[in-house]
Structures are given as C-alpha cells and as structure tokens.
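This is model04.txt. It holds compact mmCIF, C-alpha atoms and all ligand atoms.
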```
# COMPACT_ATOMS: atom_id res chain seq x y z
CA MET H 1 114.48 98.89 85.18
CA SER H 2 112.99 100.28 81.94
CA LYS H 3 110.97 103.52 81.93
CA GLY H 4 107.72 101.54 81.55
CA ASP H 5 108.66 99.18 84.40
CA LYS H 6 109.54 102.16 86.59
CA ALA H 7 106.12 103.75 85.92
CA LEU H 8 104.41 100.45 86.72
CA HIS H 9 106.45 100.05 89.88
CA LYS H 10 105.52 103.60 90.97
CA ALA H 11 101.84 102.97 90.22
CA LYS H 12 102.01 99.76 92.25
CA ILE H 13 103.54 101.60 95.21
CA LEU H 14 100.85 104.29 94.97
CA LYS H 15 98.11 101.63 94.86
CA ASN H 16 99.66 99.84 97.82
CA ASP H 17 99.53 103.10 99.73
CA GLU H 18 95.76 103.29 99.22
CA PHE H 19 94.48 100.87 101.84
CA TYR H 20 91.44 102.03 103.77
CA THR H 21 91.08 101.06 107.41
CA GLN H 22 87.72 99.68 108.52
CA ILE H 23 85.90 101.49 111.34
CA THR H 24 85.35 98.23 113.28
CA ASP H 25 89.13 97.68 113.32
CA ILE H 26 89.66 101.24 114.59
CA GLU H 27 87.03 100.73 117.32
CA ASN H 28 88.53 97.40 118.37
CA GLU H 29 91.98 98.93 118.82
CA LEU H 30 91.06 102.35 120.21
CA LYS H 31 89.05 100.93 123.10
CA HIS H 32 92.35 99.95 124.73
CA TYR H 33 93.59 103.55 124.90
CA ARG H 34 90.64 105.60 126.18
CA GLN H 35 92.49 107.18 129.12
CA HIS H 36 95.13 108.71 126.83
CA PHE H 37 92.65 110.74 124.80
CA LYS H 38 91.13 112.92 127.54
CA ASP H 39 91.71 116.60 126.55
CA ALA H 40 93.91 115.54 123.63
CA VAL H 41 94.34 117.18 120.24
CA VAL H 42 94.26 114.31 117.75
CA PHE H 43 95.86 114.66 114.34
CA CYS H 44 95.13 112.25 111.48
CA ASN H 45 97.68 113.37 108.92
CA CYS H 46 97.09 110.85 106.13
CA ASP H 47 93.34 111.14 106.09
CA ASP H 48 90.90 112.63 103.67
CA PRO H 49 88.01 113.67 105.97
CA ASP H 50 85.59 112.80 103.16
CA CYS H 51 86.31 109.12 103.37
CA SER H 52 88.68 108.38 106.28
CA ASN H 53 87.26 106.19 109.01
CA PHE H 54 89.79 107.73 111.42
CA TRP H 55 88.10 111.11 110.98
CA LYS H 56 84.69 109.38 111.37
CA TYR H 57 85.73 107.47 114.48
CA PHE H 58 87.14 110.48 116.37
CA HIS H 59 84.19 112.65 115.30
CA LEU H 60 81.61 110.09 116.47
CA TYR H 61 83.48 109.42 119.74
CA PHE H 62 84.60 113.03 120.35
CA LYS H 63 82.60 113.59 123.55
CA PHE H 64 82.95 110.02 124.75
CA LEU H 65 86.76 110.27 124.61
CA GLY H 66 86.76 113.85 125.98
CA LEU H 67 88.82 115.14 123.04
CA LYS H 68 89.84 118.76 122.76
CA LYS H 69 90.24 118.93 119.01
CA LEU H 70 90.38 116.74 115.91
CA ILE H 71 92.47 117.74 112.89
CA THR H 72 92.85 115.95 109.55
CA THR H 73 94.74 116.94 106.44
CA HIS H 74 93.87 115.79 102.96
CA TYR H 75 96.79 114.80 100.70
CA ASP H 76 97.04 115.32 96.97
CA ALA H 77 100.21 114.46 95.05
CA ASN H 78 99.95 117.53 92.81
CA GLU H 79 97.73 120.24 94.25
CA PRO H 80 97.22 122.34 97.36
CA THR H 81 94.57 120.80 99.59
CA TYR H 82 92.87 121.60 102.89
CA LYS H 83 92.64 120.72 106.56
CA MET H 84 89.44 120.00 108.44
CA GLU H 85 89.04 120.61 112.16
CA TYR H 86 86.36 119.73 114.67
CA GLU H 87 86.01 120.89 118.26
CA GLY H 88 82.78 119.20 119.25
CA GLY H 89 79.11 120.12 119.19
CA ASN H 90 77.56 117.64 116.76
CA ASP H 91 79.43 114.36 117.02
CA SER H 92 76.95 112.25 115.08
CA ASP H 93 77.12 114.33 111.89
CA THR H 94 80.60 113.58 110.56
CA THR H 95 80.31 116.26 107.87
CA VAL H 96 80.50 118.95 110.57
CA GLY H 97 83.90 120.66 110.84
CA VAL H 98 85.79 123.73 109.70
CA ILE H 99 87.56 123.41 106.35
CA THR H 100 90.56 125.69 105.75
CA PRO H 101 92.61 125.64 102.53
CA LEU H 102 96.30 124.75 102.80
CA LYS H 103 98.99 126.45 100.73
CA GLN H 104 100.74 123.08 100.29
CA ASN H 105 99.51 119.62 99.30
CA GLY H 106 98.89 118.02 102.70
CA ASP H 107 102.08 115.95 102.57
CA PHE H 108 102.78 114.94 106.18
CA ARG H 109 106.34 116.26 105.65
CA SER H 110 105.25 119.72 104.45
CA PRO H 111 105.97 122.65 106.80
CA GLU H 112 102.22 123.34 107.21
CA CYS H 113 101.57 119.74 108.30
CA ILE H 114 104.58 119.76 110.59
CA ASP H 115 103.13 122.89 112.26
CA LEU H 116 99.87 121.01 112.84
CA LEU H 117 101.85 118.05 114.15
CA LYS H 118 103.53 120.30 116.70
CA GLN H 119 100.10 121.56 117.87
CA SER H 120 98.78 118.05 118.38
CA ASP H 121 99.11 115.55 121.23
CA ILE H 122 98.45 112.20 119.56
CA VAL H 123 98.75 111.15 115.93
CA VAL H 124 96.49 108.31 114.83
CA THR H 125 96.34 106.94 111.30
CA ASN H 126 97.28 104.30 108.79
CA PRO H 127 100.14 106.02 106.93
CA PRO H 128 101.37 105.01 103.45
CA PHE H 129 103.33 101.78 103.88
CA SER H 130 105.96 102.95 101.37
CA LEU H 131 106.82 105.97 103.57
CA PHE H 132 106.58 104.20 106.91
CA ARG H 133 110.22 104.68 107.93
CA GLU H 134 110.14 108.40 107.21
CA TYR H 135 106.75 108.74 108.82
CA VAL H 136 107.88 107.17 112.10
CA ALA H 137 111.16 109.13 112.10
CA GLN H 138 109.17 112.37 111.95
CA LEU H 139 106.95 111.33 114.88
CA ILE H 140 109.98 110.40 116.96
CA SER H 141 111.94 113.56 116.16
CA ASN H 142 108.89 115.62 117.16
CA ASP H 143 108.47 113.59 120.34
CA LYS H 144 104.83 112.73 119.54
CA LYS H 145 102.52 110.13 120.99
CA PHE H 146 101.12 107.92 118.25
CA LEU H 147 98.97 104.97 117.31
CA ILE H 148 99.49 103.89 113.71
CA ILE H 149 99.16 100.87 111.46
CA GLY H 150 102.21 99.35 109.77
CA ASN H 151 103.23 96.17 108.03
CA MET H 152 104.27 93.61 110.68
CA ASN H 153 107.61 93.13 108.91
CA CYS H 154 108.56 96.73 109.62
CA VAL H 155 109.79 95.33 112.96
CA THR H 156 112.86 94.14 111.05
CA TYR H 157 113.64 97.49 109.37
CA LYS H 158 116.94 98.90 110.52
CA GLU H 159 115.24 102.24 111.26
CA ILE H 160 112.38 100.67 113.26
CA PHE H 161 113.94 97.77 115.15
CA PRO H 162 116.11 99.96 117.45
CA LEU H 163 112.97 101.89 118.48
CA ILE H 164 111.29 98.62 119.44
CA GLN H 165 114.38 97.29 121.16
CA ASN H 166 114.67 100.50 123.21
CA ASN H 167 110.98 100.51 124.14
CA MET H 168 110.25 103.71 122.23
CA MET H 169 107.58 101.97 120.15
CA TRP H 170 105.69 98.73 120.60
CA VAL H 171 103.00 96.55 119.08
CA GLY H 172 99.44 97.55 119.97
CA ALA H 173 96.50 95.47 121.20
CA ASN H 174 95.67 93.82 117.84
CA GLU H 175 92.64 91.96 119.16
CA LYS H 176 91.58 89.06 116.99
CA ARG H 177 88.29 90.72 116.08
CA GLY H 178 86.85 92.71 113.19
CA THR H 179 88.72 91.91 109.99
CA ARG H 180 91.78 90.62 111.88
CA LYS H 181 92.83 87.03 111.17
CA GLY H 182 96.05 86.09 112.93
CA ASN H 183 98.56 88.77 112.05
CA SER H 184 96.63 90.20 109.12
CA LEU H 185 94.02 92.91 108.71
CA CYS H 186 91.71 93.60 105.77
CA PHE H 187 91.60 97.00 104.11
CA GLY H 188 89.30 98.62 101.58
CA VAL H 189 90.98 99.19 98.20
CA PRO H 190 90.52 101.88 95.54
CA GLU H 191 88.62 101.25 92.33
CA GLY H 192 90.85 99.58 89.74
CA PHE H 193 93.03 97.93 92.42
CA SER H 194 94.82 95.12 90.62
CA GLY H 195 96.31 93.26 93.61
CA LYS H 196 94.84 90.17 95.23
CA THR H 197 91.63 90.71 97.21
CA ILE H 198 89.40 88.55 99.35
CA ASP H 199 85.66 88.83 99.84
CA VAL H 200 84.70 90.35 103.21
CA ASN H 201 80.92 90.43 103.55
CA GLY H 202 80.56 91.01 99.82
CA VAL H 203 83.28 93.70 99.66
CA PRO H 204 86.65 92.99 97.99
CA MET H 205 89.45 93.78 100.42
CA ALA H 206 93.23 93.44 100.55
CA GLN H 207 94.53 91.23 103.34
CA VAL H 208 97.85 92.52 104.68
CA SER H 209 100.13 91.38 107.51
CA ALA H 210 99.61 94.49 109.58
CA TRP H 211 99.84 95.48 113.22
CA TRP H 212 99.05 98.57 115.20
CA PHE H 213 102.17 100.26 116.57
CA THR H 214 102.19 102.78 119.39
CA ASN H 215 104.08 104.48 122.17
CA LEU H 216 100.96 104.75 124.36
CA ASP H 217 100.87 102.39 127.29
CA ILE H 218 98.27 99.60 127.27
CA VAL H 219 97.41 96.79 129.67
CA LYS H 220 98.41 94.07 127.17
CA ARG H 221 101.99 95.31 127.13
CA HIS H 222 102.38 94.24 130.76
CA GLU H 223 100.75 90.84 130.40
CA THR H 224 103.38 88.12 130.56
CA ILE H 225 103.36 85.10 128.29
CA ASP H 226 102.40 81.92 130.11
CA LEU H 227 105.44 79.66 129.61
CA SER H 228 104.87 75.95 130.07
CA GLU H 229 107.58 74.35 127.93
CA LYS H 230 110.63 72.82 129.65
CA TYR H 231 114.05 73.33 128.04
CA ILE H 232 115.29 70.11 126.45
CA PRO H 233 118.50 70.56 124.39
CA GLU H 234 117.32 68.21 121.60
CA LYS H 235 114.14 70.22 121.14
CA PHE H 236 115.83 73.62 120.98
CA PRO H 237 118.96 73.35 118.82
CA LYS H 238 121.69 75.95 119.17
CA TYR H 239 122.51 78.09 116.14
CA ASP H 240 125.81 77.57 114.46
CA ASN H 241 126.45 81.30 114.14
CA TYR H 242 124.82 82.72 117.32
CA ASP H 243 125.11 81.73 120.93
CA ALA H 244 121.36 81.21 121.12
CA ILE H 245 118.80 78.45 120.88
CA ASN H 246 116.11 78.31 118.20
CA VAL H 247 112.47 78.53 119.29
CA ASN H 248 109.98 78.05 116.47
CA LYS H 249 106.85 79.29 118.24
CA THR H 250 106.25 82.01 120.80
CA SER H 251 104.00 79.61 122.75
CA GLY H 252 106.92 77.16 122.95
CA ILE H 253 109.44 79.48 124.68
CA PRO H 254 110.99 77.42 127.51
CA TYR H 255 110.46 78.78 131.03
CA ASP H 256 113.82 77.57 132.32
CA TYR H 257 116.39 78.62 129.70
CA ASP H 258 118.54 81.51 130.93
CA GLY H 259 120.48 82.27 127.74
CA VAL H 260 119.57 83.98 124.48
CA MET H 261 116.69 82.56 122.41
CA GLY H 262 115.78 83.23 118.78
CA VAL H 263 112.01 83.64 118.38
CA PRO H 264 109.81 84.45 115.36
CA ILE H 265 108.80 88.04 114.60
CA SER H 266 105.24 87.23 115.71
CA PHE H 267 106.68 87.22 119.27
CA MET H 268 106.58 91.04 119.18
CA ASP H 269 102.79 90.93 119.46
CA LYS H 270 103.17 89.19 122.83
CA TYR H 271 106.28 90.98 124.09
CA CYS H 272 106.18 92.16 127.69
CA PRO H 273 109.24 94.27 128.65
CA GLU H 274 109.03 93.12 132.29
CA GLN H 275 109.37 89.49 131.17
CA PHE H 276 111.93 89.68 128.35
CA GLU H 277 114.83 91.76 127.16
CA ILE H 278 115.34 92.17 123.41
CA ILE H 279 119.00 91.50 122.65
CA GLY H 280 118.97 91.95 118.88
CA ILE H 281 117.69 90.68 115.58
CA ALA H 282 119.05 88.05 113.22
CA LYS H 283 117.37 89.28 110.17
CA ARG H 284 118.38 87.59 106.99
CA GLY H 285 116.38 84.44 107.04
CA ALA H 286 115.33 81.93 104.42
CA GLY H 287 112.77 84.42 103.18
CA ASP H 288 115.51 86.84 102.09
CA PRO H 289 115.93 86.67 98.30
CA ALA H 290 119.58 87.67 98.74
CA LEU H 291 120.16 84.22 100.21
CA LYS H 292 118.97 82.27 97.21
CA SER H 293 118.41 78.77 98.55
CA LYS H 294 117.74 77.27 101.91
CA VAL H 295 120.75 74.99 102.28
CA TYR H 296 124.31 76.31 102.55
CA THR H 297 127.76 74.98 103.00
CA LYS H 298 129.87 75.99 105.95
CA GLU H 299 132.15 77.88 103.53
CA ASP H 300 129.17 79.91 102.33
CA TYR H 301 128.71 81.18 105.82
CA GLU H 302 132.37 81.68 106.51
CA ASN H 303 132.49 83.91 103.43
CA TYR H 304 129.29 85.62 104.40
CA SER H 305 130.22 88.32 106.85
CA ASP H 306 126.97 90.22 107.31
CA LEU H 307 126.32 90.54 111.05
CA ASN H 308 122.63 90.44 110.29
CA ALA H 309 122.92 86.96 108.80
CA GLY H 310 120.02 84.67 109.56
CA PRO H 311 120.48 82.14 112.31
CA VAL H 312 121.86 78.88 110.97
CA LEU H 313 120.98 75.44 112.23
CA ILE H 314 122.66 72.14 111.38
CA ASP H 315 120.35 69.25 110.50
CA GLU H 316 120.86 65.57 111.34
CA ASN H 317 122.92 65.07 108.13
CA GLY H 318 125.31 67.83 109.09
CA LYS H 319 123.86 70.26 106.52
CA LEU H 320 123.55 73.89 107.43
CA TYR H 321 120.24 75.56 106.93
CA ASN H 322 118.92 78.95 107.58
CA THR H 323 115.82 79.81 109.63
CA TYR H 324 113.42 82.69 109.13
CA PRO H 325 114.40 86.02 110.71
CA ARG H 326 114.56 85.80 114.47
CA ILE H 327 114.27 88.26 117.34
CA LEU H 328 116.92 87.42 119.94
CA ILE H 329 115.54 87.62 123.45
CA LYS H 330 116.45 86.74 127.01
CA ARG H 331 114.20 86.09 130.00
CA LYS H 332 114.33 88.76 132.70
CA GLU H 333 112.79 86.94 135.65
C1 LIG H 401 97.24 103.39 103.67
S1 LIG H 401 96.28 104.76 103.12
C2 LIG H 401 95.31 104.99 104.51
C3 LIG H 401 94.24 106.01 104.39
C4 LIG H 401 93.52 106.28 105.70
N1 LIG H 401 94.46 106.75 106.69
C5 LIG H 401 92.87 105.00 106.17
O1 LIG H 401 93.43 104.35 107.06
O2 LIG H 401 91.83 104.63 105.65
C6 LIG H 401 97.50 106.03 103.21
C7 LIG H 401 96.99 107.37 102.76
O3 LIG H 401 98.07 108.32 102.83
C8 LIG H 401 97.97 109.21 101.76
N2 LIG H 401 99.34 109.69 101.47
C9 LIG H 401 100.22 109.20 100.58
N3 LIG H 401 101.35 109.92 100.63
C10 LIG H 401 101.18 110.86 101.59
C11 LIG H 401 101.99 111.91 102.09
N4 LIG H 401 103.21 112.10 101.62
N5 LIG H 401 101.48 112.70 103.06
C12 LIG H 401 100.23 112.49 103.55
N6 LIG H 401 99.43 111.51 103.11
C13 LIG H 401 99.89 110.72 102.13
C14 LIG H 401 97.40 108.41 100.62
O4 LIG H 401 96.65 109.26 99.79
C15 LIG H 401 96.53 107.38 101.33
O5 LIG H 401 95.18 107.72 101.30
```

Would it be possible to restate this file's structure as structure tokens?
Amino acid sequence: MSKGDKALHKAKILKNDEFYTQITDIENELKHYRQHFKDAVVFCNCDDPDCSNFWKYFHLYFKFLGLKKLITTHYDANEPTYKMEYEGGNDSDTTVGVITPLKQNGDFRSPECIDLLKQSDIVVTNPPFSLFREYVAQLISNDKKFLIIGNMNCVTYKEIFPLIQNNMMWVGANEKRGTRKGNSLCFGVPEGFSGKTIDVNGVPMAQVSAWWFTNLDIVKRHETIDLSEKYIPEKFPKYDNYDAINVNKTSGIPYDYDGVMGVPISFMDKYCPEQFEIIGIAKRGAGDPALKSKVYTKEDYENYSDLNAGPVLIDENGKLYNTYPRILIKRKE
C-alpha cells in the first residue's frame, strides 16, 4: 500500500469508527435489562458526553433505573480530555454533571480509563468497530458486565467466537423497532462522511449490520425457536467436508435431526443455550475473498487444509460448491 493509500485507509477506519447510536435504539434495547441496573455504576467509555446518546439515556433514566453513578470519558486522538460523572438530582437536564480533566486522552485502554472501568459495574456503549476485538478482550479480562454494539460478523472473529460458544457473551434483544431493519441498525454519521448513507426521516444515516452483544441475562435468551420442519435428507444435504447437514434458514431447522447442523450466522440472534449446543464454526464461506470463486474441484479442497474451510456441498452435476459461513450446532432436547 502506498503512503497516500495508507492515509486514506486510516481516514476510512477513523470515519467508520464515528457512528452515532440513536436514542430510540438505546431505549428499545435497554428496556430488556432494567433489573440489572439497580444500584449500578454505569461506564460509557467511548462517549463524548456532549453528544453521546448513551450519556443522555442514562442521565434521563437515572432515577427510573435506580442507578448509583454514571461515568463517561471523552476520547481525543491527540490531547488529554476529561471525564464527566453524574450521581442524580436533575435527570432531565443532561448538561448536569461533574467534569474532571484527565491526564490522558480518554482512550479506553489508558490506565486512567482502566481505573474507571474497575470502579464500574456495567459498561454500555457502541465502541469503535475497528477496535472491537481489543475492546471486548479488555472487558472480559476485567470480568465486567457489558452491553455493547458490534458488527454482526464479529461472531466469526477468532477472538469473539469462543466467547459466544462458551456462553460468555451473547446476542442481545435486537427488537425490530427504531432504526432496526432485519440485522441492520442506522447510525448518525459525522460531517463529511463519504460512505453510503440512507435517508432516515430526513437525516442521512449509515446502515450497518449490527447487533447488541451482552453478558447480561435477558428473557429472549431463554426463548426456544419454534421448529416445525421435518428432516428430509434431500432437503438438507450433507457437507462433503463436515459431518453435518446444511440448513439455509434458521426458521427451517428440522426438529428431528439429532446430528450436527450448519446454520447461517443470523441464527445467533435466536440462539437459546437450553435448546442448542454450539459445536463450532465453519467460517470461510463463499463471501471470503481468499476463496476466489464459488465452484471448486475436489482437488482444490484436498489441497486446502484450513480447518476453518467453509462447508462444501456437491450439486446435482457433481460439482463442489461452497456455502456462506456456518455455525455448527446440535439440538439439546
Ligand atoms: C462507533 S462511535 C460511537 C460513539 C458513541 N458511543 C455512540 O454510540 O454514539 C465510537 C466512538 O469511540 C471513540 N473512540 C475511538 N477510539 C477510541 C479509543 N481508543 N478509546 C475510546 N474511544 C475511542 C470515537 O471517537 C467514536 O466517537
């Protein structure tokens, strides 16, 4: 990459980190967690209190949720910043709070912010997508409760998938309300944003495949999927490279197949740990640019030794083809 390309790439990453969560989307998610917030210290560590709707939400709902304290830290790439704290008293005026300068720049990884993290009970924010892996690792190593927004594809990251598989993190409520359409949410964008936007009530917004992720228990997590499809071998072909059947839609999971099934990533939004066990992930699907085309020869796969290889199906002409990434699951009941 040339110097100019590198600068552009960096600018693009920075821009993609500036997505602003809408307060209706925060309200729609947070209503599923009310019991967890009683007497809690909430830390929003990627949130400028001047403009963050997370700060606004917790300020406005401070008494309603029974919070003990709200802390936010403002981040600046180059300069020392400040924290803002609120302990109740005037919930409706979101400018009320105590501002204290920080010696560092509000980076969530800075020692000052880690100190604040240790003092807090629950972290709630939409962290920069480009630092998501590091961000989650820090929450886990500090044994924190959290409710955060991430790209839905982060489920496939090698650092994130084991947390999901081991029930240390799961997909939140993600009600289809507010700006949510299917698996995507709309976010406010900074001035000069050059990416694609859509019009949401007259405001240009970026539409991103994003889910809430959490380790706080919610009712939805224990709701089983209603399975009505019967297993018919012709309808659910077996992979050539995994001892599992292919299921194209979460709603089409058969109720009577006892072996391993490969389901789309969107399954994670419906996953109930009492109903299914997550066996693994077959990650490198047709969407992976490393696997340049969709049709392969058997030799291609024999020479391709990556254990993460995408599940392969054989079509009616005997040609091998590769599906999208699949979560491998097994029924528990
Ligand atoms: C996706 S935006 C979300 C902003 C806000 N949380 C919201 O949801 O509206 C991520 C924010 O994290 C900030 N940020 C970027 N790098 C950071 C870092 N290392 N530490 C803390 N915050 C950071 C960015 O300035 C950006 O405003």

Each stretch 126-186 of chain H residue no farther than 9 Å from stretch 263-274 of chain H, nearest pair in Å, all atoms listed in the file, as JSON lines:
```
{"residue": "H:Met152", "atom": "CA", "partner": "H:Ile265", "partner_atom": "CA", "distance": 8.2}
{"residue": "H:Asn153", "atom": "CA", "partner": "H:Ile265", "partner_atom": "CA", "distance": 7.7}
{"residue": "H:Val155", "atom": "CA", "partner": "H:Ile265", "partner_atom": "CA", "distance": 7.5}
{"residue": "H:Thr156", "atom": "CA", "partner": "H:Ile265", "partner_atom": "CA", "distance": 8.1}
{"residue": "H:Ile164", "atom": "CA", "partner": "H:Met268", "partner_atom": "CA", "distance": 8.9}
{"residue": "H:Asn167", "atom": "CA", "partner": "H:Pro273", "partner_atom": "CA", "distance": 7.9}
{"residue": "H:Trp170", "atom": "CA", "partner": "H:Met268", "partner_atom": "CA", "distance": 7.9}
{"residue": "H:Val171", "atom": "CA", "partner": "H:Asp269", "partner_atom": "CA", "distance": 5.6}
{"residue": "H:Gly172", "atom": "CA", "partner": "H:Asp269", "partner_atom": "CA", "distance": 7.4}
{"residue": "H:Ala173", "atom": "CA", "partner": "H:Asp269", "partner_atom": "CA", "distance": 8.0}
{"residue": "H:Asn174", "atom": "CA", "partner": "H:Asp269", "partner_atom": "CA", "distance": 7.9}
{"residue": "H:Asn183", "atom": "CA", "partner": "H:Ser266", "partner_atom": "CA", "distance": 7.8}
```

>> If the limit is 10 Å from any atom of ligand LIG 401 (chain H), counting all atoms listed in the file, which residues qualify? Return them as a PyMOL selection string.
In response: chain H and resi 13-23+26+44-49+51-55+72-77+105-110+113+124-132+134-135+148-150+187-190

Quick one: everything within 9 Å of stretch 89-92 of chain H, counting only C-alpha atoms, minus sequence neighbours fewer than 6 positions away in the same chain. Send it as a compact mmCIF listing (two decimals) with C-alpha atoms, in the coordinates of the input.
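This went into around_12.txt:
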```txt
# COMPACT_ATOMS: atom_id res chain seq x y z
CA PHE H 58 87.14 110.48 116.37
CA HIS H 59 84.19 112.65 115.30
CA LEU H 60 81.61 110.09 116.47
CA TYR H 61 83.48 109.42 119.74
CA PHE H 62 84.60 113.03 120.35
CA LYS H 63 82.60 113.59 123.55
```

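Atom CA of H:Ala210 is found 17.7 Å from atom CA of H:Ile327.
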
Put the listed atoms of stretch 87-98 of chain H in a box along x, y and z with 8 Å added on every side and give me the centre and edge lengths in Å to one decimal, as AutoDock Vina command-line options.
```
--center_x 81.5 --center_y 118.0 --center_z 113.6 --size_x 25.1 --size_y 27.5 --size_z 27.4
```

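The space between atom CA of H:Arg331 and atom CA of H:Asn248 spans 16.3 Å.
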
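Nearest residue to H:Tyr33, choosing from H:Glu316, H:Glu234, H:Asp217, H:Asp258 and counting only C-alpha atoms: H:Asp217.
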
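Across the structure, atom CA of H:Arg133 and atom CA of H:Lys158 are spaced 9.2 Å apart.
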
>> Taking 3 positions as the minimum chain separation for residues in the same chain, which residues sit within 10 Å of H:Ala40 when counting all atoms listed in the file? Answer as a ChimeraX atom specification.
In response: /H:36-37,43,65-70,120-122

> How would you write as a ChimeraX atom specification the residues that get within 9 Å of (115.5, 77.4, 129.0) in the file's frame, counting all atoms listed in the file?
Replying inline: /H:229-233,236,245,253-261,331

>> Residues within 7 Å of (89.8, 96.3, 117.4), file coordinates, counting only C-alpha atoms: what are they? Give the list as a PyMOL selection string.
In response: chain H and resi 24-30+174-175+177-178
